[in-house]
>>> print(open('run-v1.tsv').read())   # TSV, C-alpha atoms
chain	number	residue	atom	x	y	z
A	1	MET	CA	118.86	89.71	99.91
A	2	GLY	CA	121.16	91.99	101.88
A	3	VAL	CA	122.79	95.19	100.74
A	4	ALA	CA	126.18	94.67	99.11
A	5	ALA	CA	128.76	95.43	101.76
A	6	ILE	CA	132.16	94.03	100.84
A	7	ILE	CA	134.36	94.65	97.82
A	8	TYR	CA	135.50	91.43	96.21
A	9	ARG	CA	138.65	91.45	94.03
A	10	HIS	CA	139.43	88.54	91.74
A	11	PRO	CA	143.07	87.56	92.27
A	12	VAL	CA	144.06	87.44	88.59
A	13	ALA	CA	141.16	88.42	86.35
A	14	GLY	CA	141.41	92.13	87.12
A	15	PHE	CA	137.90	92.96	88.24
A	16	ARG	CA	136.25	93.88	91.48
A	17	LEU	CA	132.65	94.21	92.56
A	18	PRO	CA	130.60	94.65	95.72
A	19	LEU	CA	128.94	91.53	97.14
A	20	PRO	CA	126.83	90.69	100.18
A	21	PRO	CA	129.29	89.50	102.83
A	22	ASP	CA	127.47	86.24	103.57
A	23	TRP	CA	127.39	84.97	99.99
A	24	GLU	CA	129.40	81.81	99.22
A	25	ARG	CA	132.09	82.37	96.60
A	26	VAL	CA	133.85	80.01	94.20
A	27	GLU	CA	136.71	81.29	92.06
A	28	ASP	CA	137.65	79.85	88.68
A	29	ALA	CA	135.26	76.93	88.91
A	30	ARG	CA	136.02	76.12	85.29
A	31	PRO	CA	137.80	77.83	82.40
A	32	GLY	CA	136.16	81.14	81.62
A	33	VAL	CA	134.10	81.24	84.82
A	34	ALA	CA	135.99	83.61	87.07
A	35	LEU	CA	133.52	83.88	89.93
A	36	ILE	CA	130.36	82.27	91.22
A	37	ALA	CA	128.78	83.96	94.25
A	38	VAL	CA	125.63	82.42	95.76
A	39	GLU	CA	123.32	83.64	98.48
A	40	PRO	CA	123.09	81.46	101.62
A	41	ASP	CA	120.82	78.44	101.54
A	42	HIS	CA	117.39	79.54	102.70
A	43	GLY	CA	115.85	76.13	102.98
A	44	GLY	CA	114.86	75.33	99.46
A	45	GLY	CA	114.20	76.98	96.17
A	46	PHE	CA	116.52	78.71	93.77
A	47	ARG	CA	119.40	80.61	95.38
A	48	ALA	CA	120.11	84.03	93.93
A	49	ASN	CA	123.58	84.20	92.47
A	50	VAL	CA	126.07	86.26	90.54
A	51	VAL	CA	128.42	84.76	87.96
A	52	VAL	CA	131.28	86.56	86.22
A	53	THR	CA	132.65	85.05	83.03
A	54	ALA	CA	135.51	86.20	80.84
A	55	GLU	CA	136.23	85.00	77.35
A	56	ARG	CA	138.79	85.92	74.72
A	57	LEU	CA	136.98	87.67	71.85
A	58	PRO	CA	138.05	87.15	68.24
A	59	PRO	CA	139.90	90.15	66.82
A	60	GLY	CA	137.49	92.73	65.42
A	61	LEU	CA	134.46	91.50	67.35
A	62	ASP	CA	133.05	94.52	69.16
A	63	LEU	CA	130.60	94.69	72.05
A	64	ASP	CA	127.47	94.94	69.92
A	65	ALA	CA	128.38	92.13	67.55
A	66	TRP	CA	129.38	89.92	70.49
A	67	GLN	CA	126.10	90.59	72.26
A	68	ASP	CA	123.99	90.15	69.13
A	69	GLY	CA	125.46	86.68	68.96
A	70	ALA	CA	124.81	86.15	72.65
A	71	ASP	CA	121.12	86.96	72.12
A	72	GLY	CA	120.82	84.08	69.69
A	73	LEU	CA	122.80	81.68	71.86
A	74	LEU	CA	120.66	82.42	74.92
A	75	ARG	CA	117.44	82.05	72.97
A	76	ASP	CA	118.56	78.65	71.68
A	77	ALA	CA	120.07	77.37	74.92
A	78	LEU	CA	117.54	78.38	77.58
A	79	ALA	CA	114.05	76.96	77.93
A	80	ASP	CA	111.04	79.29	78.02
A	81	TYR	CA	113.35	82.18	77.15
A	82	VAL	CA	111.81	85.66	77.00
A	83	LEU	CA	114.02	88.69	76.35
A	84	ILE	CA	112.48	91.46	78.45
A	85	ASP	CA	114.90	94.34	78.05
A	86	ARG	CA	118.20	95.21	76.41
A	87	GLU	CA	119.95	98.55	76.48
A	88	ARG	CA	123.34	100.13	76.10
A	89	LEU	CA	124.75	101.89	79.15
A	90	ASP	CA	127.86	103.68	80.27
A	91	LEU	CA	129.52	102.14	83.30
A	92	ASP	CA	132.37	104.26	84.60
A	93	GLY	CA	133.27	105.31	81.07
A	94	ARG	CA	132.98	101.83	79.60
A	95	ASP	CA	130.26	100.74	77.14
A	96	VAL	CA	127.99	98.07	78.60
A	97	VAL	CA	125.12	96.05	77.16
A	98	ARG	CA	122.53	95.28	79.81
A	99	ARG	CA	120.06	92.46	79.22
A	100	LEU	CA	117.07	91.31	81.28
A	101	ALA	CA	115.52	87.96	80.43
A	102	HIS	CA	113.34	85.19	81.78
A	103	HIS	CA	114.00	81.50	81.43
A	104	ALA	CA	113.05	78.32	83.22
A	105	HIS	CA	114.52	75.04	84.26
A	106	GLU	CA	112.58	72.02	85.46
A	107	ASP	CA	114.68	71.86	88.64
A	108	THR	CA	114.54	75.53	89.49
A	109	GLY	CA	111.34	76.94	88.05
A	110	PRO	CA	111.20	80.41	86.51
A	111	ILE	CA	114.36	82.49	86.67
A	112	THR	CA	114.91	86.15	85.91
A	113	MET	CA	118.41	86.82	84.68
A	114	GLU	CA	120.07	90.21	84.40
A	115	GLN	CA	123.35	90.58	82.54
A	116	TRP	CA	125.89	93.32	82.05
A	117	ALA	CA	128.43	92.65	79.30
A	118	MET	CA	131.52	94.70	78.54
A	119	VAL	CA	134.86	94.43	76.75
A	120	GLY	CA	138.29	95.10	78.23
A	121	GLY	CA	141.80	94.07	77.27
A	122	GLY	CA	140.52	91.85	74.46
A	123	LEU	CA	138.29	89.92	76.84
A	124	GLY	CA	134.53	89.91	76.95
A	125	TYR	CA	133.25	90.05	80.53
A	126	THR	CA	129.70	89.11	81.48
A	127	LEU	CA	128.23	89.68	84.92
A	128	THR	CA	125.08	87.59	85.26
A	129	ALA	CA	122.75	87.95	88.24
A	130	SER	CA	119.93	85.40	88.56
A	131	VAL	CA	117.01	85.00	90.94
A	132	ALA	CA	113.70	83.17	91.08
A	133	THR	CA	111.30	85.32	89.08
A	134	PRO	CA	108.87	86.00	91.97
A	135	GLU	CA	111.83	87.44	93.91
A	136	TYR	CA	113.21	89.62	91.12
A	137	ASP	CA	111.38	92.79	92.10
A	138	ALA	CA	112.90	92.59	95.58
A	139	ALA	CA	116.37	91.73	94.25
A	140	ALA	CA	116.60	94.15	91.33
A	141	ASP	CA	118.03	97.11	93.25
A	142	ALA	CA	120.67	94.94	94.91
A	143	PHE	CA	121.64	93.47	91.53
A	144	ALA	CA	121.93	96.98	90.10
A	145	GLY	CA	124.16	97.96	93.02
A	146	ILE	CA	126.48	95.04	92.32
A	147	ALA	CA	126.60	95.84	88.61
A	148	TRP	CA	127.24	99.54	89.10
A	149	GLY	CA	130.10	98.71	91.44
A	150	PHE	CA	131.73	96.33	88.96
A	151	ARG	CA	135.09	97.62	87.76
A	152	LEU	CA	137.49	96.23	85.19
A	153	ALA	CA	141.17	96.84	84.80
A	154	GLY	CA	142.23	98.87	81.82
A	155	PRO	CA	141.78	102.38	80.47
A	156	ALA	CA	138.20	102.81	81.70
A	157	GLY	CA	138.80	101.25	85.10
A	158	ASP	CA	141.35	101.22	87.87
A	159	GLY	CA	141.81	97.55	88.65
A	160	ASP	CA	144.80	95.29	88.15
A	161	THR	CA	146.06	94.09	84.78
A	162	PRO	CA	143.61	91.34	83.77
A	163	THR	CA	144.56	87.76	83.10
A	164	GLU	CA	142.20	85.37	81.33
A	165	PRO	CA	140.74	83.02	83.99
B	1	MET	CA	82.11	74.56	67.47
B	2	ALA	CA	85.47	72.92	67.90
B	3	VAL	CA	87.40	71.50	70.82
B	4	LEU	CA	91.07	70.67	70.35
B	5	PHE	CA	93.03	69.15	73.22
B	6	ASP	CA	96.68	68.15	73.42
B	7	ASP	CA	96.96	65.75	76.35
B	8	ARG	CA	100.77	65.95	76.18
B	9	THR	CA	100.94	69.68	76.93
B	10	GLY	CA	97.50	70.20	78.45
B	11	ARG	CA	96.70	72.94	75.95
B	12	LEU	CA	93.02	73.19	75.15
B	13	ARG	CA	91.37	75.23	72.38
B	14	LEU	CA	87.64	75.68	72.51
B	15	ASP	CA	84.86	78.23	72.27
B	16	GLN	CA	83.37	80.03	75.24
B	17	ALA	CA	80.28	77.82	75.40
B	18	ALA	CA	82.36	74.66	75.58
B	19	PHE	CA	84.58	76.22	78.23
B	20	ASP	CA	81.57	77.19	80.33
B	21	HIS	CA	80.35	73.62	80.04
B	22	LEU	CA	83.74	72.26	81.06
B	23	VAL	CA	83.70	74.40	84.21
B	24	VAL	CA	80.25	73.12	85.10
B	25	ILE	CA	81.49	69.55	84.74
B	26	ALA	CA	84.61	70.30	86.81
B	27	ALA	CA	82.47	71.82	89.55
B	28	GLY	CA	80.40	68.65	89.71
B	29	LEU	CA	77.24	70.60	89.03
B	30	ASN	CA	76.32	68.78	85.88
B	31	PRO	CA	77.15	65.08	86.27
B	32	TRP	CA	78.37	63.31	83.16
B	33	PRO	CA	76.92	61.87	81.00
B	34	GLU	CA	73.34	62.69	81.91
B	35	SER	CA	73.69	66.33	80.87
B	36	GLY	CA	74.92	65.33	77.39
B	37	GLY	CA	74.57	67.87	74.64
B	38	ALA	CA	76.88	69.10	71.93
B	39	PRO	CA	79.54	70.78	74.13
B	40	ALA	CA	79.81	67.69	76.29
B	41	ALA	CA	80.17	65.43	73.29
B	42	GLU	CA	82.87	67.65	71.78
B	43	LEU	CA	84.79	67.79	75.04
B	44	SER	CA	84.62	64.03	75.33
B	45	ALA	CA	85.62	63.39	71.72
B	46	ALA	CA	88.64	65.69	72.08
B	47	GLY	CA	89.81	63.83	75.18
B	48	ALA	CA	89.35	66.81	77.48
B	49	VAL	CA	86.68	64.99	79.48
B	50	PRO	CA	87.44	61.27	79.42
B	51	ASP	CA	85.15	59.10	81.55
B	52	GLY	CA	83.03	62.01	82.64
B	53	ARG	CA	85.78	63.89	84.45
B	54	PRO	CA	88.15	66.60	83.20
B	55	HIS	CA	91.52	65.25	82.04
B	56	PRO	CA	94.14	65.31	84.83
B	57	ARG	CA	96.14	67.85	82.83
B	58	LEU	CA	93.23	70.27	83.22
B	59	SER	CA	92.35	69.59	86.84
B	60	ALA	CA	94.62	72.09	88.60
B	61	GLY	CA	93.65	74.91	86.27
B	62	LEU	CA	89.96	74.17	86.60
B	63	ARG	CA	90.27	74.15	90.40
B	64	ALA	CA	91.69	77.67	90.14
B	65	VAL	CA	88.78	78.68	87.91
B	66	ILE	CA	86.23	77.36	90.37
B	67	GLU	CA	87.83	78.76	93.52
B	68	PRO	CA	90.37	81.45	92.61
B	69	ALA	CA	92.49	83.42	95.05
B	70	TYR	CA	92.26	86.22	92.55
B	71	ARG	CA	91.08	86.87	89.04
B	72	LEU	CA	92.79	88.48	86.13
B	73	HIS	CA	91.50	90.20	83.02
B	74	LEU	CA	93.69	91.20	80.11
B	75	THR	CA	92.88	93.42	77.16
B	76	LEU	CA	95.25	94.11	74.31
B	77	LEU	CA	94.59	96.55	71.47
B	78	ASP	CA	97.02	96.27	68.62
B	79	ASP	CA	96.98	99.30	66.39
B	80	ARG	CA	99.08	97.53	63.78
B	81	THR	CA	96.60	94.72	63.28
B	82	GLY	CA	93.43	96.52	64.40
B	83	ARG	CA	92.71	93.57	66.67
B	84	LEU	CA	91.29	93.52	70.15
B	85	LYS	CA	92.45	90.57	72.20
B	86	ALA	CA	91.15	89.62	75.60
B	87	GLY	CA	92.07	87.10	78.21
B	88	ASP	CA	90.77	85.88	81.52
B	89	GLY	CA	92.74	84.35	84.33
B	90	TRP	CA	92.15	82.58	87.62
B	91	ILE	CA	94.94	82.09	90.12
B	92	ASP	CA	95.24	80.12	93.35
B	93	ASP	CA	98.26	79.01	95.37
B	94	GLY	CA	98.98	76.04	93.14
B	95	ALA	CA	97.98	77.02	89.64
B	96	ALA	CA	97.22	79.85	87.28
B	97	ALA	CA	94.73	79.27	84.47
B	98	LEU	CA	94.52	81.53	81.45
B	99	LEU	CA	91.79	81.63	78.80
B	100	LEU	CA	93.05	83.70	75.89
B	101	ASP	CA	91.44	84.81	72.64
B	102	LEU	CA	92.79	83.19	69.50
B	103	PRO	CA	92.65	84.71	66.00
B	104	ASP	CA	90.22	82.06	64.79
B	105	GLY	CA	87.57	82.98	67.35
B	106	LEU	CA	88.39	80.12	69.69
B	107	ARG	CA	90.01	80.57	73.09
B	108	GLU	CA	93.03	78.76	74.48
B	109	PHE	CA	92.99	77.40	78.02
B	110	VAL	CA	96.44	77.09	79.56
B	111	THR	CA	97.42	75.97	83.06
B	112	LEU	CA	100.74	76.96	84.58
B	113	HIS	CA	102.34	77.51	87.95
B	114	PRO	CA	101.60	81.04	89.27
B	115	ALA	CA	105.33	81.81	89.26
B	116	PHE	CA	105.24	81.54	85.45
B	117	LEU	CA	102.38	84.03	85.10
B	118	PRO	CA	104.54	87.14	84.56
B	119	ALA	CA	106.37	85.44	81.69
B	120	ALA	CA	103.11	84.22	80.17
B	121	LEU	CA	101.67	87.73	80.28
B	122	ALA	CA	104.90	89.17	78.87
B	123	ARG	CA	104.60	86.82	75.90
B	124	VAL	CA	100.96	87.75	75.27
B	125	VAL	CA	101.60	91.51	75.32
B	126	ARG	CA	104.99	91.09	73.62
B	127	LEU	CA	106.89	92.88	76.33
B	128	GLY	CA	110.44	93.32	75.14
B	129	PRO	CA	113.27	95.77	74.61
B	130	ARG	CA	112.19	99.29	73.68
B	131	PRO	CA	114.11	102.55	73.50
B	132	ARG	CA	114.38	104.26	76.87
B	133	PRO	CA	111.80	107.11	76.77
B	134	ARG	CA	113.36	110.55	77.06
B	135	TRP	CA	110.23	112.58	77.82
B	136	GLU	CA	108.75	113.84	81.05
B	137	PRO	CA	105.49	112.53	82.59
B	138	VAL	CA	102.32	114.06	81.14
B	139	ARG	CA	99.15	114.85	83.11
B	140	LEU	CA	95.74	114.75	81.47
B	141	PRO	CA	92.09	114.55	82.56
B	142	ALA	CA	91.16	111.03	83.56
B	143	GLY	CA	88.30	111.06	81.07
B	144	ARG	CA	90.73	111.13	78.19
B	145	VAL	CA	92.38	107.89	79.16
B	146	ALA	CA	89.51	105.79	77.86
B	147	GLY	CA	90.33	107.07	74.41
B	148	LEU	CA	93.79	105.53	74.59
B	149	PHE	CA	92.13	102.14	74.89
B	150	ALA	CA	89.29	102.72	72.41
B	151	VAL	CA	88.66	100.05	69.80
B	152	ASP	CA	88.41	102.66	67.03
B	153	PRO	CA	91.95	103.53	65.85
B	154	ALA	CA	90.90	107.11	65.01
B	155	VAL	CA	89.68	107.65	68.56
B	156	ARG	CA	92.89	106.18	69.96
B	157	ARG	CA	95.08	108.42	67.78
B	158	SER	CA	93.04	111.46	68.78
B	159	ALA	CA	93.43	110.57	72.45
B	160	ALA	CA	97.17	110.08	71.97
B	161	ALA	CA	97.39	113.47	70.30
B	162	ASP	CA	95.56	115.04	73.25
B	163	ALA	CA	97.88	113.31	75.66
B	164	ALA	CA	100.96	114.47	73.79
B	165	ALA	CA	99.68	118.04	73.66
B	166	GLY	CA	98.80	118.17	77.32
B	167	GLU	CA	96.06	120.50	78.54
B	168	GLY	CA	95.53	122.24	75.23
B	169	GLU	CA	99.05	123.64	75.40
B	170	THR	CA	101.81	123.43	72.89
B	171	PRO	CA	103.97	120.40	73.69
B	172	GLY	CA	107.13	121.42	75.46
B	173	PRO	CA	110.51	119.74	75.26
B	174	GLY	CA	109.41	117.19	77.84
B	175	ALA	CA	106.29	116.09	75.94
B	176	PRO	CA	106.08	112.68	74.27
B	177	PRO	CA	107.70	112.78	70.82
B	178	PRO	CA	105.65	112.77	67.64
B	179	ALA	CA	106.44	109.09	67.23
B	180	ILE	CA	103.84	108.34	69.86
B	181	LEU	CA	101.22	109.64	67.42
B	182	ALA	CA	102.52	107.90	64.34
B	183	GLY	CA	100.52	104.74	64.80
B	184	GLY	CA	101.84	101.26	65.15
B	185	TRP	CA	101.38	101.24	68.88
B	186	ARG	CA	99.77	98.79	71.26
B	187	ALA	CA	97.82	99.41	74.45
B	188	TRP	CA	97.26	96.74	77.06
B	189	ARG	CA	95.73	96.44	80.49
B	190	VAL	CA	96.13	93.75	83.14
B	191	GLU	CA	93.55	93.97	85.89
B	192	MET	CA	93.58	91.75	88.97
B	193	THR	CA	90.79	91.51	91.50
B	194	TRP	CA	90.53	89.66	94.79
B	195	THR	CA	88.71	89.75	98.07
B	196	ASP	CA	90.61	91.40	100.92
B	197	PRO	CA	90.86	89.77	104.36
B	198	GLY	CA	87.87	91.84	105.48
B	199	GLY	CA	85.72	90.43	102.70
B	200	GLY	CA	85.75	93.56	100.57
B	201	PRO	CA	86.72	93.89	96.93
B	202	ALA	CA	90.34	94.70	96.19
B	203	GLY	CA	92.42	94.90	93.08
B	204	ASP	CA	95.22	96.35	91.06
B	205	VAL	CA	95.57	97.44	87.47
B	206	LEU	CA	98.48	97.96	85.10
B	207	ASP	CA	97.86	100.07	81.99
B	208	VAL	CA	100.64	100.25	79.43
B	209	VAL	CA	100.88	101.94	76.05
B	210	ASP	CA	103.61	100.39	73.93
B	211	THR	CA	104.55	102.98	71.34
B	212	GLY	CA	107.26	100.87	69.75
B	213	ASP	CA	110.02	103.26	68.73
B	214	ALA	CA	108.97	105.88	71.31
B	215	GLY	CA	109.14	103.40	74.15
B	216	LEU	CA	106.70	102.27	76.80
B	217	CYS	CA	104.44	104.41	78.88
B	218	LEU	CA	102.50	103.64	82.03
B	219	VAL	CA	99.02	105.09	82.46
B	220	GLU	CA	98.08	105.89	86.04
B	221	LEU	CA	94.60	106.98	87.05
B	222	TYR	CA	93.92	109.21	90.01
B	223	ASP	CA	90.54	110.67	90.97
B	224	ALA	CA	90.03	113.20	88.21
B	225	GLU	CA	93.43	113.11	86.65
B	226	ALA	CA	95.63	110.65	84.88
B	227	ALA	CA	99.32	110.63	84.14
B	228	LEU	CA	101.42	109.06	81.42
B	229	TRP	CA	104.76	107.94	82.79
B	230	PRO	CA	107.64	106.95	80.54
B	231	ALA	CA	108.78	103.46	81.51
B	232	THR	CA	111.32	100.83	80.64
B	233	ALA	CA	110.49	97.20	79.94
B	234	THR	CA	112.38	96.37	83.14
B	235	ALA	CA	110.03	98.58	85.17
B	236	VAL	CA	106.98	96.97	83.57
B	237	TRP	CA	108.40	93.49	84.28
B	238	ARG	CA	108.84	94.42	87.95
B	239	LEU	CA	105.27	95.71	88.12
B	240	LEU	CA	103.92	92.49	86.62
B	241	ILE	CA	105.82	90.42	89.20
B	242	ARG	CA	104.63	92.72	91.98
B	243	MET	CA	101.00	92.40	90.89
B	244	VAL	CA	101.10	88.61	90.76
B	245	SER	CA	102.81	88.38	94.15
B	246	ALA	CA	100.46	90.88	95.77
B	247	GLY	CA	97.36	89.02	94.66
B	248	LEU	CA	98.51	85.83	96.39
B	249	ALA	CA	99.83	87.65	99.47
B	250	GLU	CA	96.54	89.49	100.03
B	251	ARG	CA	94.52	86.33	100.46
>>> encode(input="run-v1.tsv", output="structure tokens")
Amino acid sequence: MGVAAIIYRHPVAGFRLPLPPDWERVEDARPGVALIAVEPDHGGGFRANVVVTAERLPPGLDLDAWQDGADGLLRDALADYVLIDRERLDLDGRDVVRRLAHHAHEDTGPITMEQWAMVGGGLGYTLTASVATPEYDAAADAFAGIAWGFRLAGPAGDGDTPTEP
Amino acid sequence: MAVLFDDRTGRLRLDQAAFDHLVVIAAGLNPWPESGGAPAAELSAAGAVPDGRPHPRLSAGLRAVIEPAYRLHLTLLDDRTGRLKAGDGWIDDGAAALLLDLPDGLREFVTLHPAFLPAALARVVRLGPRPRPRWEPVRLPAGRVAGLFAVDPAVRRSAAADAAAGEGETPGPGAPPPAILAGGWRAWRVEMTWTDPGGGPAGDVLDVVDTGDAGLCLVELYDAEAALWPATATAVWRLLIRMVSAGLAER
């Protein structure tokens, strides 16, 4: 996986992030899924990817409560799910919950998934980076670089005014 | 003696003697049914050895046992339960086989793809979110490390106290917090061994003390010294993946 080298800006959702220049990108593939970026096809196997979702949060639902619920949803929805790590971080002045987990799918084999979730403008944003588990050690620093370069519009960021995708 | 086999999942529970017998059968060294005997009869009755050959669900794992690319040994000491758990593993390009202690004295034989091995180990040692440690690495004589993995809880707590205090000095602000001494911690070791391309022995080891509320700590051994390094679960996950990948790459 290459070093992130371009800055991608979503046209309406108000976020930007660094991505490897040769990754394929699909915007707004379906409601709530603002961006799917996938590494080039390397001749088989699971392709590392980054997905950014945005969802309207119910009034009063804060980051921790939202992510506590997400823990349960992931555990129920993903096969062979193992939560490896979860921590609260500060990303450019914005509270972030970072999660590292393993899951599996019969078509893809074992996957390591790293997520960064944050709230801005009443929306809950989740950046999910996934890679075949044997490749995670090699991909982890690149994933961290993408996540640390992720910026939202709003008081803690400097992007455009966000619109729900 | 008991042999329990689920032919749907391939999970097999048995004692060590029955497992040893199963390996002999798989290696073709003890043709069925002439060898007979209690273990053979139990394996047959459970469906693990139908028609004199290991069940197809067991074949890939048994091939790894007979001719492994590398071997794995796991020990887990749980201070909260006072239990010592051990596991053995055999890995080749196509399969990883684990033989893990069960609470009832039996062992469980599981076959999986090698890519699933880190997750399987993470489940066994209960790797999961822990507070990020806020203390600095601690050096201690290598001889004290054995105490951290002693079966006797009193010896383990004494070794942890020594580690927290450093070389007989008063713990400074960077020392592990008292929580590391409070009990309720778990120590585990994953050791992998293989033969290097030159035919010599090679290996790698990962020693982790899981202090619960005080976080995770890596134990690294040098010649005469050891060090305790604060670590996150993410770092330990990466090390597990690296170990599994290295063992196959070094063939």
>>> closest_residue(input="run-v1.tsv", among="B:Ala224, B:Val3, B:Ala40, B:Ile66", to="Ala26 (chain B)", atoms="all atoms listed in the file")
B:Ile66
>>> atom_distance(input="run-v1.tsv", atom1="CA of Asp90 (chain A)", atom2="CA of Leu218 (chain B)")
25.4 Å
>>> atom_distance(input="run-v1.tsv", atom1="CA of Arg130 (chain B)", atom2="CA of Trp116 (chain A)")
17.1 Å
>>> interface_residues(input="run-v1.tsv", of="chain B", to="chain A", cutoff="7 Å", atoms="only C-alpha atoms", output="list in words")
Ala115, Phe116, Ala119, Leu127, Gly128, Pro129, Ala233, Thr234, Arg238, Ile241, Arg242 and Ser245 of chain B
>>> closest_residue(input="run-v1.tsv", among="B:Phe109, B:Arg132, B:Ala187, B:Ala227", to="Leu89 (chain A)", atoms="only C-alpha atoms")
B:Arg132
>>> residues_around(input="run-v1.tsv", residues="Gly147 (chain B)", least_positions_apart="3", cutoff="7 Å", atoms="only C-alpha atoms", output="list in words")
Arg144, Ala150, Val155, Arg156 and Ala159 of chain B
>>> atom_distance(input="run-v1.tsv", atom1="CA of Gly14 (chain A)", atom2="CA of Asp28 (chain A)")
12.9 Å
>>> residues_around(input="run-v1.tsv", residues="Asp64 (chain A)", least_positions_apart="3", cutoff="12 Å", atoms="all atoms listed in the file", output="compact mmCIF listing (two decimals) with C-alpha atoms, keeping the file's coordinate frame")
# COMPACT_ATOMS: atom_id res chain seq x y z
CA GLY A 60 137.49 92.73 65.42
CA LEU A 61 134.46 91.50 67.35
CA GLN A 67 126.10 90.59 72.26
CA ASP A 68 123.99 90.15 69.13
CA GLY A 69 125.46 86.68 68.96
CA ALA A 70 124.81 86.15 72.65
CA ASP A 71 121.12 86.96 72.12
CA ARG A 86 118.20 95.21 76.41
CA GLU A 87 119.95 98.55 76.48
CA ARG A 88 123.34 100.13 76.10
CA LEU A 89 124.75 101.89 79.15
CA ASP A 95 130.26 100.74 77.14
CA VAL A 96 127.99 98.07 78.60
CA VAL A 97 125.12 96.05 77.16
CA ARG A 98 122.53 95.28 79.81
CA ALA A 117 128.43 92.65 79.30
CA MET A 118 131.52 94.70 78.54
CA VAL A 119 134.86 94.43 76.75
CA GLY A 124 134.53 89.91 76.95
>>> closest_residue(input="run-v1.tsv", among="A:Asn49, A:Leu74, A:His10, A:Leu19", to="Leu152 (chain A)", atoms="only C-alpha atoms")
A:His10
>>> residues_around(input="run-v1.tsv", residues="region 10-20 of chain B", least_positions_apart="5", cutoff="9 Å", atoms="all atoms listed in the file", output="list in words")
Met1, Ala2, Val3, Leu4, Phe5, Ile25, Ala38, Pro39, Ala40, Glu42, Leu43, Ala48, His55, Pro56, Arg57, Leu58, Leu102, Gly105, Leu106, Arg107, Glu108, Phe109, Val110 and Thr111 of chain B
>>> closest_residue(input="run-v1.tsv", among="A:Arg151, A:Arg16, A:Arg75, A:Arg56", to="Gly32 (chain A)", atoms="all atoms listed in the file")
A:Arg56
>>> closest_residue(input="run-v1.tsv", among="A:Arg47, A:Leu123, A:Gly93, A:Leu63", to="Thr108 (chain A)", atoms="all atoms listed in the file")
A:Arg47
>>> closest_residue(input="run-v1.tsv", among="B:Arg123, B:Pro153, B:Val24, B:Asp92", to="Trp237 (chain B)", atoms="all atoms listed in the file")
B:Arg123
